[in-house]
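Trainee: Input: one structure, supplied below.
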Amino acid sequence: MRLLSIILVLGLGVRINGPIMGVILTIVGFAAFGKHPFNSIPVVLGAILAVALTPMELTLGPILAIFFVTGLAPLALSFQGGLTYIIMALLLASLPLYYPHYLPSLNQI
């Protein structure tokens, strides 16, 4: 999983900084709980598809969402098929774009 995460970072053209390194270490740590490339790749593809289909820019927030969506991989293992993974990641990665409309108090100081 570490190699897959580093390949994804280099493929997205992201500079490795503190949050990105933390996400990579989190992915490696949770690989012991059932996360492997066969159930993580469809989820990552769904998150990348969500960023491509919505008006989000590829900044640090969506990049972290792409990586953290791999936390769904062990949960999604109970469902069959890669299409389910992609749809679930598509919905989860696009939520941060729309929840400020439903919860406006989160933007207040």
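In the structure tokens, each chain is lettered A, B, ... as it comes, each chain's residues begin at 1, and ligands are numbered from 1 in order of appearance.
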Excluding stretch 87-97 of chain A and residues on its chain fewer than 2 positions from it, collect all residues at most 9 Å away from it, counting only C-alpha atoms, and give them as a list in words.
Mentor: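 In the requested format, the answer is Pro42, Val43, Val44, Leu45, Gly46, Ala47, Ile48, Leu49, Ala50, Val51, Thr54, Pro55, Met56, Pro62, Ala65, Ile66, Val69, Thr70, Leu72, Ala76, Gly82, Leu83, Thr84, Tyr85, Tyr99, Pro100 and His101 of chain A.
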Trainee: In stretch 8-77 of chain A, what's alpha helix (DSSP H) per DSSP? Answer as a PyMOL selection string?
Mentor: chain A and resi 8-12+18-30+37-53+60-68+73-76
Trainee: If you take only C-alpha atoms and a cut-off of 8 Å, which residues of stretch 37-72 of chain A touch stretch 11-24 of chain A, and what are their nearest atom pairs and distances in Å to one decimal, in chain and number order, as CSV?
Mentor:
residue,atom,partner,partner_atom,distance
A:Leu64,CA,A:Ile20,CA,7.1
A:Phe67,CA,A:Val23,CA,6.6
A:Phe68,CA,A:Val23,CA,7.0
Trainee: Smallest atom-to-atom distance to A:Pro74: which of A:Gly34, A:Ile86, A:Leu60, A:Val28, using only C-alpha atoms?
Mentor: A:Gly34
Trainee: Can you measure atom CA of A:Phe30 to atom CA of A:Leu53 for me? One decimal in Å is fine.
Mentor: 28.3 Å
Trainee: For A:Ser5, work out the shell of residues within 8 Å, counting only C-alpha atoms and skipping chain neighbours fewer than 2 positions away, then give it as an MDAnalysis selection string.
Mentor: chainID A and resid 1:3 7:9 24 27 67
